[in-house]
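Peer 1: Let me begin by handing over the structure; questions about it come next.
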Amino acid sequence: MQVSALLARMCAGLVVVSFLSTLAPEATSATEDTVKVGVLHSLTGTMAISEVTVKNATLLAIDQINATGGVMGKKIVPVIEDGASDPSMFAQKAQKLVQQDGVATVFGGWTSASRKAMLPVFERFHGLLWYPVQFEGNECSPDIMYSGAQPNQQILPALQWAEQKGNKSIFLLGSDYVFPRTANLILKKHIEHDGGTVAGEEYVPLGGSDFSAVINKIKVAKPQMIFSTLNGDSNVSFFKQMAAAGLPSSKLPVMSFSIAEQEAKAIGPSLLEGSYAAWNYFESIPGPENKKFVAAYQAKYPGSPVDDPMAHGYVDVYSWAAAVKKAGSFDIDKVRKAASTLSFSDVGMGETKFASNQSLIQTAYVGQLDPAGQFKILWHSKGPVAPVPYDPLSFPGKSCVL
Amino acid sequence: MSESTLVGGQLFNGISVASILLLAALGLALSFGLMRVINMAHGEMLMMGGYLAYVSTSLFGKGAGFFVGLAFAFVGTALFGALLEMTLIRRLYGRPLDTLLATWGVSLILQQAARSIFGPVGVEVTAPAWLGGSLSLGGTALTGFALPAVRVFIIVLAALVLAGMALLLARTRLGLLVRAVHQNRAMAEALGANTRAVDLIVFSLGTGIAGLAGAALALIAPVTPTVGSSYIVYAFLVVIVGGLGSLAGTLFAALAIGVFSAVTQIFTNISVADVLLLVAVIAFLQVRPRGIVTQRSRALEEA
């Protein structure tokens with residue numbers, strides 16, 4: 001059933017995409033009463049499963065804004081491009097959007113590799129990118145608005161929570177690429193600083209499926225908790241093999257930083273039940289704003305869970321529209337300056353606001369996965385946390401001033 | 001749990017990895033050794049087996065469904081292998097580079113087909129409940145190290161398949177024909193052996209075993225469209241280190257590679273272990289370019 005639903009969703013996505021791309025040339029000839037924005041996500045390839053939904057959430061926000069009159073009286077026309085899970089394709093399409101289509105701004109990107117590939121394009125041609133996914137920090141550009149969590153808004157609050165719960169010995173496990181390596185570098189510094197111990201640190205190639213040695217080392221190290229930055233399918237192998245080795249999440253808790261509602265649904269919640277995750281948004285956040293957001297999304301895309309990067313993709317569009325209104329102009333420099341003076345609270349993420357370093361000030365949450373694939377919220381930070389792109393313990397002396 | 005159990009545990013893991021490699025490589029060793037066909041789509045046979053097992057467990061439930069799935073995976077991929085042999089491989093005999101390219105094309109087609117049918121995210125095959133637990137051994141070096149039942153199951157399965165193959169080759173008429181063709185294709189043909197039929201049977205048997213491997217693998221890892229490509233390299237390593245077309249060589253090579261990789265992971269991580277493994281294989285091939293078991297075969301000497 002799940003497969004057919006997935007297929008149906010993918011087909012629907014494809015239809016929407018091809019439909020909209022046939023509309024795009026018309027948009028080029030459009031007049032003063034429209035404004036074009038780029039939406040650049042992987043609609044094909046490995047990352048499509050995560051990115052198509054962010055694209056959907058972005059389009060939902062655009063639709064809603066258009067329904068209430070657009071921005072400064074202009075209708076927003078999305079120009080949708082496919083990054084095809086390939087960083088060089090992201091760079092190419094970003095250039096096309098900025099130069100050829102002359103879009104006012106671009107919403108998109110997921111992997112750090114795609115962001116790093118697009119960064120020089122936006123800097124050279126002076127475009128503005130709204131990036132919706134949590135990342136490793138250690139980057140600061142005037143041409144990117146980082147709405148996804150900085151390390152101090154996701155992984156460090158999670159560590160703080162775990163330490164409060166009495167977990168002193170932590171095992172770090174990740175896929176072998178830039179985000180886990182940097183995240184664990186920061187975690188190690190903080191665990192040692194707080195007087196805890198790093199029970200072990202292991203990396204598995206992206207997509208790796210043999211965890212026998214890692215699990216053996218975990219058994220010897222006897223940590224109280226595992227912090228996992230494993231990505232994608234490796235999670236299935238890892239949780240399966242942990243359960244087979246007699247270490248289900250109920251015995252040795254795992255805190256994951258790359259498993260949200262979408263991934264939990266794809267992997268199968270029963271396998272992950274009881275494991276923890278840290279994000280800035282959960283579908284289960286109470287309150288009327290979130291209820292409205294989830295209902296609106298599911299009315300347009302039935303049966304799909306809503307997760308953190310989607311909420312960020314949605315917030316990005318509203319933030320941009322509000323900033324344009326405030327600046328009274330689509331000029332990029334005026335828009336990004338205006339963005340850091342506004343605050344939003346319509347998605348249920350609590351009050352969010354862009355800081356002067358162009359990252360989002362937002363609340364950190366820790367949740368535990370239930371069998372239905374929803375997170376039970378166990379903890380949240382006392383109010384919104386200011387973003388720190390360069391962790392002072394790990395990268396002393398570096399700061400982000402724009 | 002102490003250092004000695006870490007070593008003991010890793011030895012077990014090495015054997016477990018070796019059993020998976022053996023299942024993945026056996027079919028390749030057969031067709032590569034006998035027909036000198038480099039089947040780049042061999043990994044996708046693994047993948048296909050995994051998806052067949054998935055389909056069957058979703059149809060028949062996870063208890064009996066899995067065993068139906070194993071049979072399903074074997075028969076299904078064997079049939080597909082036969083089709084592949086008849087439509088493609090057979091027409092490209094004696095053109096190893098063309099075969100390489102064509103089977104690589106098949107592998108890409110199959111990967112994309114799987115992505116279109118099942119989606120880019122891996123699907124899961126749940127083991128029957130009695131395979132879900134673990135066995136613990138007291139009083140040995142493995143005290144405190146629980147052996148996952150699925151891994152034990154895969155080791156047993158690999159041993160059974162290996163024994164079955166050995167019997168088939170040594171005791172049956174088909175085995176006799178296979179050995180004859182392997183030793184001297186032209187002479188076997190002259191003596192009336194139907195080499196085309198032997199090729200067809202061996203190739204489809206080889207893909208069938210790969211399908212079985214894929215179904216077994218699905219117990220410990222998700223089935224993804226690209227699962228095959230992550231095993232194909234190791235399968236080729238096993239075949240080359242083992243010596244072309246030798247069952248015993250394939251077994252020794254699978255054991256050597258599995259245990260080497262597991263033991264090096266005691267000191268280092270999996271990425272470095274992979275590098276060390278490849279260095280070791282290169283060094284080994286300098287000393288024994290024809291692998292562990294060298295067979296005298298005219299078929300190979302003519303190459």
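For the structure tokens, the naming scheme is as follows: chains receive sequential letters (A, B, ...) according to their order of presentation, residues are indexed from 1 within each chain, and ligands are indexed from 1 in presentation order.
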Could you name the residues that touch Ile215 (chain A) at 7 Å or less, counting only C-alpha atoms, but leaving out those on the same chain fewer than 4 positions away, as a list in words?
Peer 2: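 In the requested form, the answer reads Phe211, Lys219 and Met242 of chain A.
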Peer 1: Store the residues picked out above in a file with C-alpha atoms, as a PDB file, in the first residue's frame.
Peer 2:
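File again.pdb, as written:
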ATOM      1  CA  PHE A 211      26.972  -2.309  10.669  1.00  0.00           C
ATOM      2  CA  LYS A 219      28.703  -3.220  22.597  1.00  0.00           C
ATOM      3  CA  MET A 242      20.837  -3.201  16.264  1.00  0.00           C
TER       4      MET A 242
END
Peer 1: Show me which bits of chain A are within 6 Å of chain B, counting only C-alpha atoms, as number ranges by chain.
Peer 2: A: 46, 209, 220, 237, 244-245
Peer 1: Residues near Val324 (chain A), anyone? I mean within 12 Å using only C-alpha atoms, not counting same-chain ones fewer than 6 positions away, as an MDAnalysis selection string.
Peer 2: chainID A and resid 35 70:74 104:105 317:318 330:342
Peer 1: Can you tell me which residues surround Ser50 (chain A) at a distance of at most 9 Å, considering only C-alpha atoms, apart from same-chain residues fewer than 2 positions away, and format the answer as a PyMOL selection string?
Peer 2: chain A and resi 42+46-48+52-54+110+262-263+309
Peer 1: Can you pull out every residue within 12 Å of Ser114 (chain A), counting only C-alpha atoms, but drop anything in the same chain fewer than 6 positions away, and send it as a CSV table (one decimal) with C-alpha atoms, in the first residue's frame?
Peer 2:
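Below is the file part-v4.csv, written as the result:
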chain,number,residue,atom,x,y,z
A,40,LEU,CA,15.1,24.6,-7.0
A,41,HIS,CA,14.9,21.1,-5.5
A,42,SER,CA,15.8,17.6,-6.5
A,47,MET,CA,17.1,13.1,-2.7
A,51,GLU,CA,13.0,17.4,-1.6
A,82,ASP,CA,15.1,20.0,-10.9
A,83,GLY,CA,18.5,19.8,-9.2
A,84,ALA,CA,18.4,16.0,-9.9
A,85,SER,CA,20.3,15.2,-6.6
A,86,ASP,CA,23.4,16.4,-8.3
A,87,PRO,CA,25.3,19.4,-6.9
A,88,SER,CA,26.6,20.5,-10.3
A,89,MET,CA,23.1,20.5,-11.7
A,90,PHE,CA,22.1,22.7,-8.7
A,91,ALA,CA,24.8,25.2,-9.7
A,92,GLN,CA,23.8,25.1,-13.3
A,93,LYS,CA,20.1,25.5,-12.6
A,94,ALA,CA,20.7,28.3,-10.0
A,108,GLY,CA,15.8,25.5,-2.6
A,120,PRO,CA,29.5,30.8,-5.7
A,121,VAL,CA,26.7,31.2,-8.3
A,129,LEU,CA,18.9,31.8,-1.9
A,131,TYR,CA,17.9,27.4,2.3
A,133,VAL,CA,17.4,22.5,5.9
A,135,PHE,CA,23.1,22.0,8.4
A,178,VAL,CA,30.6,16.9,5.6
Peer 1: Which is closer to Asn357 (chain A) than all the others in A:Glu261, A:Asp143, A:Asp33, A:Asp210, using only C-alpha atoms?
Peer 2: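 Once distances to Asn357 (chain A) are computed over only C-alpha atoms, the minimum belongs to A:Asp143.
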Peer 1: With only C-alpha atoms as the basis for distance, which of B:Ser246, B:Leu83, B:Phe32, B:Ala114 is at the shortest distance from Arg179 (chain B)?
Peer 2: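 Among B:Ser246, B:Leu83, B:Phe32, B:Ala114, it is B:Ser246 that comes nearest to Arg179 (chain B).
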